[in-house]
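One file, upload12.txt, is given below (compact mmCIF, C-alpha atoms).
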# COMPACT_ATOMS: atom_id res chain seq x y z
CA MET A 1 0.00 0.00 0.00
CA MET A 2 1.46 3.39 -1.00
CA LYS A 3 1.08 6.05 1.65
CA SER A 4 0.59 9.63 0.61
CA ILE A 5 -0.18 13.10 1.89
CA ILE A 6 -1.98 15.88 0.02
CA ILE A 7 -0.88 19.52 0.03
CA ASP A 8 -3.42 21.70 -1.76
CA ASP A 9 -4.99 24.96 -0.67
CA GLU A 10 -8.31 24.12 -2.35
CA LYS A 11 -10.51 22.01 -0.09
CA MET A 12 -12.51 20.86 -3.10
CA SER A 13 -9.39 19.61 -4.80
CA ARG A 14 -8.27 17.73 -1.68
CA GLU A 15 -11.69 16.10 -1.42
CA ILE A 16 -11.57 15.02 -5.06
CA ILE A 17 -8.09 13.51 -4.67
CA LYS A 18 -9.18 11.74 -1.48
CA SER A 19 -12.23 10.33 -3.24
CA MET A 20 -10.03 8.96 -6.04
CA VAL A 21 -7.57 7.49 -3.56
CA ALA A 22 -10.50 5.81 -1.80
CA LYS A 23 -11.41 4.12 -5.07
CA HIS A 24 -7.86 2.90 -5.68
CA PRO A 25 -6.75 -0.31 -3.96
CA ASP A 26 -3.03 0.53 -3.70
CA VAL A 27 -3.02 4.01 -2.18
CA GLU A 28 -4.02 5.67 1.04
CA VAL A 29 -3.93 9.24 2.30
CA LEU A 30 -2.30 9.68 5.71
CA ALA A 31 -3.11 13.38 6.01
CA ASP A 32 -4.02 16.43 3.97
CA PHE A 33 -2.91 20.05 4.36
CA ASP A 34 -4.00 23.37 2.95
CA SER A 35 -0.52 24.87 3.03
CA PRO A 36 3.11 23.75 2.85
CA VAL A 37 3.79 25.42 6.19
CA SER A 38 1.27 23.22 7.97
CA ALA A 39 2.55 20.14 6.12
CA PHE A 40 6.21 20.77 6.86
CA GLY A 41 6.20 19.60 10.49
CA TYR A 42 4.21 16.49 9.67
CA LEU A 43 6.47 15.68 6.77
CA THR A 44 9.61 16.06 8.87
CA GLN A 45 8.32 13.89 11.70
CA ASN A 46 6.79 11.19 9.51
CA SER A 47 9.11 11.18 6.51
CA GLU A 48 9.74 7.44 6.84
CA ASP A 49 6.05 6.61 6.68
CA ILE A 50 5.24 8.76 3.65
CA ASP A 51 5.85 7.24 0.24
CA PHE A 52 4.86 10.23 -1.85
CA LEU A 53 3.10 13.60 -1.99
CA PHE A 54 0.25 15.00 -3.99
CA LEU A 55 1.38 18.59 -4.32
CA ASP A 56 -0.47 21.55 -5.77
CA ILE A 57 1.72 24.03 -7.64
CA HIS A 58 -0.12 27.22 -6.77
CA LEU A 59 -0.03 27.47 -3.00
CA PRO A 60 -0.73 30.46 -0.76
CA GLU A 61 2.75 31.11 0.65
CA PHE A 62 4.88 29.89 -2.22
CA THR A 63 4.77 27.50 -5.16
CA GLY A 64 4.95 23.74 -4.91
CA PHE A 65 8.36 23.96 -6.59
CA ASP A 66 9.61 26.35 -3.91
CA PHE A 67 8.33 23.97 -1.26
CA LEU A 68 10.25 21.06 -2.78
CA LYS A 69 13.43 23.13 -2.61
CA THR A 70 13.04 23.47 1.15
CA LEU A 71 13.12 19.69 1.66
CA THR A 72 16.55 18.07 2.06
CA THR A 73 15.36 14.66 0.89
CA PRO A 74 12.07 15.28 -0.93
CA PRO A 75 9.91 12.19 -1.43
CA PRO A 76 8.48 11.35 -4.86
CA VAL A 77 5.79 13.81 -5.90
CA ILE A 78 2.71 13.91 -8.08
CA LEU A 79 2.07 17.50 -9.02
CA VAL A 80 -1.51 18.61 -9.28
CA SER A 81 -2.37 21.79 -11.11
CA ASN A 82 -4.93 23.74 -13.04
CA ASP A 83 -2.51 24.80 -15.70
CA SER A 84 -0.29 22.77 -17.92
CA ASP A 85 2.29 25.48 -18.51
CA LYS A 86 4.32 24.46 -15.46
CA ALA A 87 4.83 20.92 -16.77
CA LEU A 88 8.13 21.84 -18.37
CA GLU A 89 9.52 23.12 -15.09
CA ALA A 90 8.49 19.86 -13.45
CA PHE A 91 10.98 17.98 -15.61
CA GLU A 92 13.78 19.75 -13.78
CA TYR A 93 12.98 17.87 -10.59
CA ASP A 94 14.08 14.24 -10.35
CA ASN A 95 11.51 13.40 -7.71
CA ILE A 96 8.47 14.63 -9.68
CA VAL A 97 6.97 11.44 -11.01
CA ASP A 98 3.84 12.76 -12.69
CA TYR A 99 1.76 15.83 -13.40
CA LEU A 100 -2.00 15.63 -12.95
CA LEU A 101 -4.16 18.30 -14.50
CA LYS A 102 -7.35 19.41 -12.78
CA PRO A 103 -10.08 18.34 -13.25
CA ILE A 104 -8.53 14.98 -12.51
CA ASP A 105 -9.81 12.10 -14.55
CA PHE A 106 -9.88 8.79 -12.66
CA THR A 107 -8.36 6.78 -15.53
CA ARG A 108 -5.49 9.25 -15.66
CA PHE A 109 -5.23 9.14 -11.88
CA ALA A 110 -4.97 5.34 -11.94
CA LYS A 111 -2.21 5.58 -14.57
CA SER A 112 -0.38 7.99 -12.33
CA MET A 113 -0.62 5.55 -9.43
CA THR A 114 0.84 2.78 -11.60
CA LYS A 115 3.71 5.08 -12.46
CA MET A 116 4.27 5.93 -8.80
CA ASN A 117 4.15 2.26 -7.83
CA LYS A 118 6.83 1.48 -10.40
CA THR A 119 8.99 4.36 -9.17
CA LEU A 120 8.74 3.27 -5.55
CA LYS A 121 9.59 -0.32 -6.48
CA GLN A 122 12.64 0.89 -8.38
CA GLN A 123 13.66 2.96 -5.38
CA ASN A 124 13.43 -0.04 -3.12
CA ALA A 125 15.14 -2.34 -5.60
CA PRO A 126 18.68 -1.55 -4.40
CA ALA A 127 17.74 -2.80 -0.95
CA ALA A 128 16.48 -6.06 -2.42
CA GLU A 129 19.59 -6.30 -4.51
CA ALA A 130 21.68 -5.92 -1.36
CA ASN A 131 20.24 -9.14 -0.02
CA LYS A 132 22.65 -10.82 -2.33
CA LYS A 133 25.81 -10.69 -0.30
CA PRO A 134 28.44 -8.56 -2.05
CA GLU A 135 31.51 -10.50 -2.97
CA SER A 136 33.79 -7.96 -1.37
CA ASP A 137 34.06 -7.15 2.32
CA LYS A 138 35.27 -3.66 1.73
CA LEU A 139 34.21 -0.44 0.10
CA PHE A 140 36.31 1.99 -1.92
CA ILE A 141 35.30 5.59 -1.55
CA ASN A 142 36.35 8.61 -3.53
CA VAL A 143 37.65 11.36 -1.26
CA ASN A 144 39.48 14.33 -2.76
CA LYS A 145 40.31 12.35 -5.90
CA ARG A 146 41.77 9.48 -3.83
CA LEU A 147 40.20 6.05 -3.58
CA ILE A 148 40.22 5.03 0.03
CA LYS A 149 39.51 1.47 1.19
CA ILE A 150 37.22 0.96 4.16
CA ASP A 151 36.46 -2.47 5.58
CA PHE A 152 32.78 -3.05 6.20
CA ASP A 153 33.61 -4.03 9.75
CA ASP A 154 35.13 -0.60 10.38
CA ILE A 155 31.98 1.30 9.42
CA ASN A 156 29.83 2.32 12.36
CA TYR A 157 27.07 4.05 10.46
CA ILE A 158 26.30 6.20 7.42
CA GLU A 159 24.40 9.44 7.50
CA ALA A 160 22.74 11.29 4.58
CA SER A 161 23.82 14.89 4.14
CA GLY A 162 22.16 16.55 1.15
CA ASP A 163 23.90 15.32 -2.02
CA TYR A 164 26.54 13.62 0.15
CA VAL A 165 26.79 10.84 2.69
CA ARG A 166 28.98 10.78 5.78
CA ILE A 167 30.60 7.46 6.59
CA TYR A 168 31.56 7.14 10.25
CA THR A 169 34.30 4.77 11.39
CA ASP A 170 36.02 4.60 14.79
CA GLU A 171 38.91 6.69 13.54
CA LYS A 172 37.43 9.01 10.98
CA LYS A 173 34.40 10.28 9.19
CA TYR A 174 34.37 10.59 5.41
CA LEU A 175 32.21 12.88 3.30
CA VAL A 176 31.42 11.19 -0.01
CA HIS A 177 29.36 12.46 -2.92
CA SER A 178 26.74 9.72 -3.18
CA THR A 179 23.20 8.77 -2.30
CA MET A 180 21.95 6.56 0.50
CA LYS A 181 20.38 4.32 -2.12
CA ASN A 182 23.73 3.79 -3.82
CA VAL A 183 25.61 3.19 -0.57
CA GLU A 184 22.92 0.78 0.61
CA SER A 185 23.28 -1.25 -2.58
CA LYS A 186 27.03 -1.69 -1.92
CA LEU A 187 26.66 -3.01 1.61
CA PRO A 188 25.70 -6.52 2.77
CA SER A 189 22.14 -6.53 4.07
CA ASN A 190 23.01 -9.03 6.80
CA GLN A 191 25.38 -6.53 8.35
CA PHE A 192 23.89 -3.14 7.48
CA PHE A 193 20.36 -1.85 7.79
CA LYS A 194 18.70 1.42 6.85
CA VAL A 195 16.94 2.34 10.07
CA HIS A 196 15.85 5.79 8.91
CA ARG A 197 15.62 7.75 5.67
CA SER A 198 18.94 9.36 6.63
CA TYR A 199 20.79 6.55 8.44
CA ILE A 200 22.25 3.15 7.65
CA ILE A 201 23.81 1.38 10.61
CA ASN A 202 26.21 -1.49 11.06
CA LEU A 203 24.17 -4.01 13.05
CA ASN A 204 27.32 -5.36 14.69
CA LYS A 205 28.06 -1.96 16.19
CA ILE A 206 24.82 -1.45 18.07
CA ILE A 207 25.41 -1.01 21.78
CA ASP A 208 21.79 -0.69 22.75
CA ILE A 209 18.34 0.19 21.45
CA GLU A 210 16.00 2.34 23.43
CA ASP A 211 12.58 3.39 22.15
CA ASN A 212 13.21 4.69 18.65
CA THR A 213 16.96 5.19 18.88
CA ALA A 214 20.06 3.03 18.61
CA LEU A 215 23.33 3.80 20.35
CA ILE A 216 26.43 3.27 18.24
CA LYS A 217 29.68 4.35 19.87
CA GLN A 218 28.58 7.65 21.33
CA SER A 219 26.05 8.50 18.66
CA VAL A 220 22.32 8.23 19.08
CA ILE A 221 20.77 7.17 15.78
CA PRO A 222 17.03 7.65 15.15
CA ILE A 223 15.02 4.59 14.11
CA SER A 224 11.88 5.31 12.14
CA GLN A 225 8.66 3.74 13.38
CA ALA A 226 8.21 1.94 10.07
CA LYS A 227 11.65 0.29 10.25
CA LYS A 228 11.69 -0.69 13.90
CA SER A 229 9.95 -4.06 13.62
CA GLU A 230 12.12 -5.03 10.63
CA LEU A 231 15.22 -4.11 12.63
CA MET A 232 14.04 -6.18 15.58
CA GLU A 233 13.63 -9.19 13.29
CA LYS A 234 17.20 -8.82 12.14
CA LEU A 235 18.64 -8.86 15.64
CA ASN A 236 19.61 -12.07 17.35
CA ARG A 237 17.39 -11.64 20.40
CA LEU A 238 16.83 -13.83 23.42
CA MET B 1 -27.71 27.44 -18.89
CA THR B 2 -27.91 23.99 -17.35
CA ILE B 3 -25.12 22.78 -15.14
CA ASP B 4 -23.48 19.59 -16.37
CA LEU B 5 -22.90 17.48 -13.27
CA THR B 6 -21.40 14.47 -15.01
CA TYR B 7 -17.92 14.89 -13.51
CA ILE B 8 -19.17 15.48 -9.96
CA GLN B 9 -21.36 12.42 -10.25
CA GLU B 10 -18.44 10.38 -11.56
CA VAL B 11 -16.19 11.53 -8.73
CA ALA B 12 -18.83 10.91 -6.08
CA ALA B 13 -19.64 7.49 -7.61
CA GLY B 14 -22.89 7.18 -5.72
CA ASP B 15 -21.54 8.62 -2.48
CA GLN B 16 -24.27 11.14 -1.73
CA ASN B 17 -22.32 12.73 1.13
CA LEU B 18 -19.35 13.42 -1.09
CA TYR B 19 -21.62 14.75 -3.84
CA ASN B 20 -23.28 17.10 -1.35
CA GLU B 21 -19.95 18.21 0.05
CA LEU B 22 -18.54 19.03 -3.39
CA MET B 23 -21.66 20.94 -4.42
CA GLU B 24 -21.75 22.81 -1.14
CA LEU B 25 -18.07 23.71 -1.44
CA MET B 26 -18.56 24.91 -5.01
CA ILE B 27 -21.46 27.18 -4.06
CA GLN B 28 -19.61 28.48 -1.00
CA GLU B 29 -16.50 29.22 -3.01
CA MET B 30 -18.51 31.10 -5.64
CA GLU B 31 -20.42 33.04 -3.00
CA THR B 32 -17.32 34.06 -1.08
CA THR B 33 -15.22 34.93 -4.13
CA TRP B 34 -17.78 36.92 -6.11
CA PRO B 35 -18.08 39.90 -3.67
CA ASP B 36 -14.38 40.60 -4.25
CA PHE B 37 -15.16 41.18 -7.90
CA VAL B 38 -17.85 43.70 -7.01
CA LYS B 39 -15.43 45.47 -4.67
CA TYR B 40 -12.75 45.75 -7.37
CA ARG B 41 -15.29 46.76 -10.02
CA ASP B 42 -16.27 49.71 -7.87
CA THR B 43 -12.66 50.85 -7.86
CA THR B 44 -12.13 49.87 -11.54
CA ASP B 45 -9.20 47.67 -10.51
CA TYR B 46 -9.11 45.50 -13.65
CA VAL B 47 -6.09 43.43 -12.67
CA SER B 48 -7.75 42.35 -9.43
CA MET B 49 -11.07 41.79 -11.20
CA ASP B 50 -9.32 39.51 -13.69
CA ARG B 51 -7.64 37.65 -10.82
CA VAL B 52 -11.02 37.04 -9.18
CA VAL B 53 -12.51 35.74 -12.42
CA HIS B 54 -9.47 33.54 -12.93
CA THR B 55 -9.97 32.14 -9.43
CA LEU B 56 -13.63 31.47 -10.18
CA LYS B 57 -12.65 29.78 -13.41
CA ASN B 58 -10.18 27.54 -11.57
CA LYS B 59 -12.81 26.56 -9.06
CA LEU B 60 -15.28 25.71 -11.81
CA SER B 61 -12.63 23.77 -13.68
CA MET B 62 -12.05 21.54 -10.67
CA LEU B 63 -15.55 20.17 -11.21
CA LYS B 64 -15.19 20.20 -14.99
CA LEU B 65 -18.02 22.69 -15.50
CA ASP B 66 -16.90 23.43 -19.05
CA ASP B 67 -19.71 25.75 -20.17
CA GLU B 68 -19.27 27.90 -17.09
CA ILE B 69 -15.50 27.94 -17.58
CA GLU B 70 -16.12 29.26 -21.09
CA GLU B 71 -18.32 32.00 -19.64
CA MET B 72 -15.48 33.01 -17.33
CA GLU B 73 -13.16 33.18 -20.31
CA ASN B 74 -15.67 35.47 -22.05
CA ILE B 75 -15.71 37.69 -18.99
CA ARG B 76 -11.92 37.83 -18.97
CA LEU B 77 -11.97 38.93 -22.62
CA ARG B 78 -14.27 41.81 -21.72
CA LEU B 79 -12.04 42.72 -18.78
CA LYS B 80 -9.03 42.91 -21.08
CA LYS B 81 -10.53 46.03 -22.65
CA GLN B 82 -9.94 47.70 -19.28
CA ASN B 83 -13.05 49.72 -19.84
CA LEU B 84 -16.27 48.02 -18.86
CA CYS B 85 -19.40 49.51 -20.32
CA GLU B 86 -22.78 49.09 -18.66
CA ASP B 87 -23.58 46.15 -20.91
CA ASP B 88 -20.38 44.38 -19.89
CA GLU B 89 -21.13 44.88 -16.24
CA LYS B 90 -24.64 43.55 -16.68
CA TYR B 91 -23.35 40.59 -18.66
CA ILE B 92 -20.75 39.69 -16.02
CA GLU B 93 -23.13 40.05 -13.12
CA SER B 94 -25.92 38.10 -14.78
CA THR B 95 -23.55 35.31 -15.86
CA VAL B 96 -22.21 34.76 -12.35
CA ASN B 97 -25.66 35.02 -10.83
CA GLN B 98 -27.00 32.57 -13.37
CA ILE B 99 -24.28 30.05 -12.52
CA LEU B 100 -25.01 30.43 -8.83
CA THR B 101 -28.75 30.10 -9.42
CA GLU B 102 -28.23 26.93 -11.46
CA LEU B 103 -25.95 25.46 -8.82
CA ARG B 104 -28.44 26.25 -6.09
CA LYS B 105 -31.19 24.70 -8.21
CA VAL B 106 -29.42 21.33 -8.33
CA PHE B 107 -28.27 21.66 -4.73
CA PRO B 108 -30.80 23.84 -2.92

As structure tokens:
Amino acid sequence: MMKSIIIDDEKMSREIIKSMVAKHPDVEVLADFDSPVSAFGYLTQNSEDIDFLFLDIHLPEFTGFDFLKTLTTPPPVILVSNDSDKALEAFEYDNIVDYLLKPIDFTRFAKSMTKMNKTLKQQNAPAAEANKKPESDKLFINVNKRLIKIDFDDINYIEASGDYVRIYTDEKKYLVHSTMKNVESKLPSNQFFKVHRSYIINLNKIIDIEDNTALIKQSVIPISQAKKSELMEKLNRL
Amino acid sequence: MTIDLTYIQEVAAGDQNLYNELMELMIQEMETTWPDFVKYRDTTDYVSMDRVVHTLKNKLSMLKLDDEIEEMENIRLRLKKQNLCEDDEKYIESTVNQILTELRKVFP
């Protein structure tokens, strides 16, 4: 089931989208907002639970495009608009999956959901791929034009940082231009687990887990609600 | 002018509550937006008048009320002249009132 939120200042438009979602078996709406400002807090706190956004372009405070720029890791988006002349601009954003014109036609809406489903599956594919144990037990990273070898066992955790990732070891931390998706695909899934949109941890380095956080060395790593049960399954518990 | 409710009926798909809610919202939106037009007309602020009509058009387009959307486009053409004569004013007012009357007829 794909989980979405709606950001649209027009109540009527939100109701129409909700009614179409209700008719579709693969989607649900977690919440709807009449402005990006009101959605921002929700989005930040529940980013792990939200698969994608329905986003209106013309919003009261700023445009949907402006809103996307404020998000460090924007989720996939389906733009909803009255006018088609912004479609070209939408192509500039990698995370905009589709562009729905109002009035929304249900057949077109269903097509859009198929497209989103495919996108989300592709996004999750690297994780599935990682189930196959990589042949190597080390990772080469490009830092200042040098390729540096890091053993998997030396990695404590990896943190997303905009267009970069930070790799933390006992001795050092490395800033590498890459995505979490790419890093995740290079690591063995029996040793590493993405506990949050912005964190991958080395399971062997966990000191303890309390509520929705894991302690690794002296760092407290957040665990998203959605990932917690999966993490628990991976641990060898008594 | 008869309001074509095909799209609203399709969206509601037999859900009478949703149908009522959409109709109610549409009427409310028209009723709350239209007075702004009157206010700007009194000050001959054509840019703001055009913005109001554009807003009305967008609201109507959400429910695919094509004939009414066309009427809004006609109004915008008249506004472009930046000099509304009495006939234009009458036309605009009667068009919007007619749309509201028709909406209220199907959703009293």

Smallest atom-to-atom distance to Ser94 of chain B: which of B:Leu60, B:Ile75, B:Ile8, B:Val52, using only C-alpha atoms?
->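 Smallest separation from Ser94 of chain B among the options: B:Ile75.
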
Selection: 9 Å around Met26 of chain B, only C-alpha atoms, excl. self and same-chain fewer than 4 positions, as a list in words |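 Close residues of Met26 of chain B: Met12 of chain A; Glu21, Leu22, Met30, Glu31, Lys59, Leu60, Leu63 and Leu103 of chain B.
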
At a cut-off of 12 Å, list the chain A residues touching chain B, using all atoms listed in the file, as a PDB file with C-alpha atoms, keeping the file's coordinate frame.
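Done, and the output landed in out_0.pdb:
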ATOM      1  CA  ASP A   9      -4.990  24.960  -0.670  1.00  0.00           C
ATOM      2  CA  GLU A  10      -8.310  24.120  -2.350  1.00  0.00           C
ATOM      3  CA  LYS A  11     -10.510  22.010  -0.090  1.00  0.00           C
ATOM      4  CA  MET A  12     -12.510  20.860  -3.100  1.00  0.00           C
ATOM      5  CA  SER A  13      -9.390  19.610  -4.800  1.00  0.00           C
ATOM      6  CA  ARG A  14      -8.270  17.730  -1.680  1.00  0.00           C
ATOM      7  CA  GLU A  15     -11.690  16.100  -1.420  1.00  0.00           C
ATOM      8  CA  ILE A  16     -11.570  15.020  -5.060  1.00  0.00           C
ATOM      9  CA  ILE A  17      -8.090  13.510  -4.670  1.00  0.00           C
ATOM     10  CA  LYS A  18      -9.180  11.740  -1.480  1.00  0.00           C
ATOM     11  CA  SER A  19     -12.230  10.330  -3.240  1.00  0.00           C
ATOM     12  CA  MET A  20     -10.030   8.960  -6.040  1.00  0.00           C
ATOM     13  CA  VAL A  21      -7.570   7.490  -3.560  1.00  0.00           C
ATOM     14  CA  ALA A  22     -10.500   5.810  -1.800  1.00  0.00           C
ATOM     15  CA  LYS A  23     -11.410   4.120  -5.070  1.00  0.00           C
ATOM     16  CA  HIS A  58      -0.120  27.220  -6.770  1.00  0.00           C
ATOM     17  CA  VAL A  80      -1.510  18.610  -9.280  1.00  0.00           C
ATOM     18  CA  SER A  81      -2.370  21.790 -11.110  1.00  0.00           C
ATOM     19  CA  ASN A  82      -4.930  23.740 -13.040  1.00  0.00           C
ATOM     20  CA  ASP A  83      -2.510  24.800 -15.700  1.00  0.00           C
ATOM     21  CA  LEU A 100      -2.000  15.630 -12.950  1.00  0.00           C
ATOM     22  CA  LEU A 101      -4.160  18.300 -14.500  1.00  0.00           C
ATOM     23  CA  LYS A 102      -7.350  19.410 -12.780  1.00  0.00           C
ATOM     24  CA  PRO A 103     -10.080  18.340 -13.250  1.00  0.00           C
ATOM     25  CA  ILE A 104      -8.530  14.980 -12.510  1.00  0.00           C
ATOM     26  CA  ASP A 105      -9.810  12.100 -14.550  1.00  0.00           C
ATOM     27  CA  PHE A 106      -9.880   8.790 -12.660  1.00  0.00           C
ATOM     28  CA  THR A 107      -8.360   6.780 -15.530  1.00  0.00           C
ATOM     29  CA  PHE A 109      -5.230   9.140 -11.880  1.00  0.00           C
TER      30      PHE A 109
END

Pick out the residues sitting within 9 Å of Asn156 of chain A, and hand them over as JSON, numbers by chain; count all atoms listed in the file, and ignore anything fewer than 2 positions along from it in its own chain.
-> {"A": [152, 153, 154, 158, 167, 168, 169, 170, 200, 201, 202, 203, 204, 205, 206, 216, 217]}

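Reported to one decimal place, the separation of atom CA of Asp88 of chain B from atom CA of Asp42 of chain B is 13.8 Å.
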
One-decimal distance in Å that lies between atom CA of Asp67 of chain B and atom CA of Lys80 of chain B |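 These atoms are spaced 20.2 Å apart.
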
Can you sort out the box for segment 85-93 of chain B, edges along x, y and z, all listed atoms in, 5 Å on every side, with centre and edge lengths in Å to one decimal, as lines of an AutoDock Vina configuration file?
center_x = -22.0
center_y = 44.6
center_z = -17.0
size_x = 15.2
size_y = 19.8
size_z = 17.8

Interatomic distance, atom CA of Glu73 of chain B to atom CA of Leu56 of chain B (Å, one decimal) = 10.3 Å

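Excluding segment 72-79 of chain A itself and same-chain residues fewer than 2 positions from it, the residues having an atom within 7 Å of it are Asp51, Phe52, Leu53, Phe54, Leu55, Asp56, Ile57, Leu68, Thr70, Ser81, Asn95, Ile96, Val97, Asp98, Tyr99, Leu100 and Gly162 of chain A, counting all atoms listed in the file.
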
Find the residues with any atom within 12 Å of (-21.8, 34.7, -16.2); use all atoms listed in the file and the coordinates as given in the file, and write the answer as a ChimeraX atom specification.
-> /B:1,30,34,53,56-57,60,67-76,78,88-102

Quick one: everything within 7 Å of segment 43-49 of chain B, counting all atoms listed in the file, minus sequence neighbours fewer than 4 positions away in the same chain. Send it as a PyMOL selection string.
-> chain B and resi 37+39+53+79+82

Please identify all polymer residues within 9 Å of Lys234 of chain A, counting all atoms listed in the file, omitting same-chain residues fewer than 5 positions from it, and present them as an mmCIF file with C-alpha atoms, keeping the file's coordinate frame.
data_model
loop_
_atom_site.group_PDB
_atom_site.id
_atom_site.type_symbol
_atom_site.label_atom_id
_atom_site.label_comp_id
_atom_site.auth_asym_id
_atom_site.auth_seq_id
_atom_site.Cartn_x
_atom_site.Cartn_y
_atom_site.Cartn_z
ATOM 1 C CA ASN A 190 23.010 -9.030 6.800
ATOM 2 C CA PHE A 193 20.360 -1.850 7.790
ATOM 3 C CA LEU A 203 24.170 -4.010 13.050
ATOM 4 C CA SER A 229 9.950 -4.060 13.620
#

May I ask which of the residues A:Asn142, A:Ser161, A:Asn124, A:Ser198 is the closest one to Pro222 of chain A, counting all atoms listed in the file?
->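 Distance minimum relative to Pro222 of chain A lands on A:Ser198.
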
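Using all atoms listed in the file, the nearest neighbour of Met1 of chain A within the list A:Leu59, A:Leu215, A:Leu88, A:Met116 is A:Met116.
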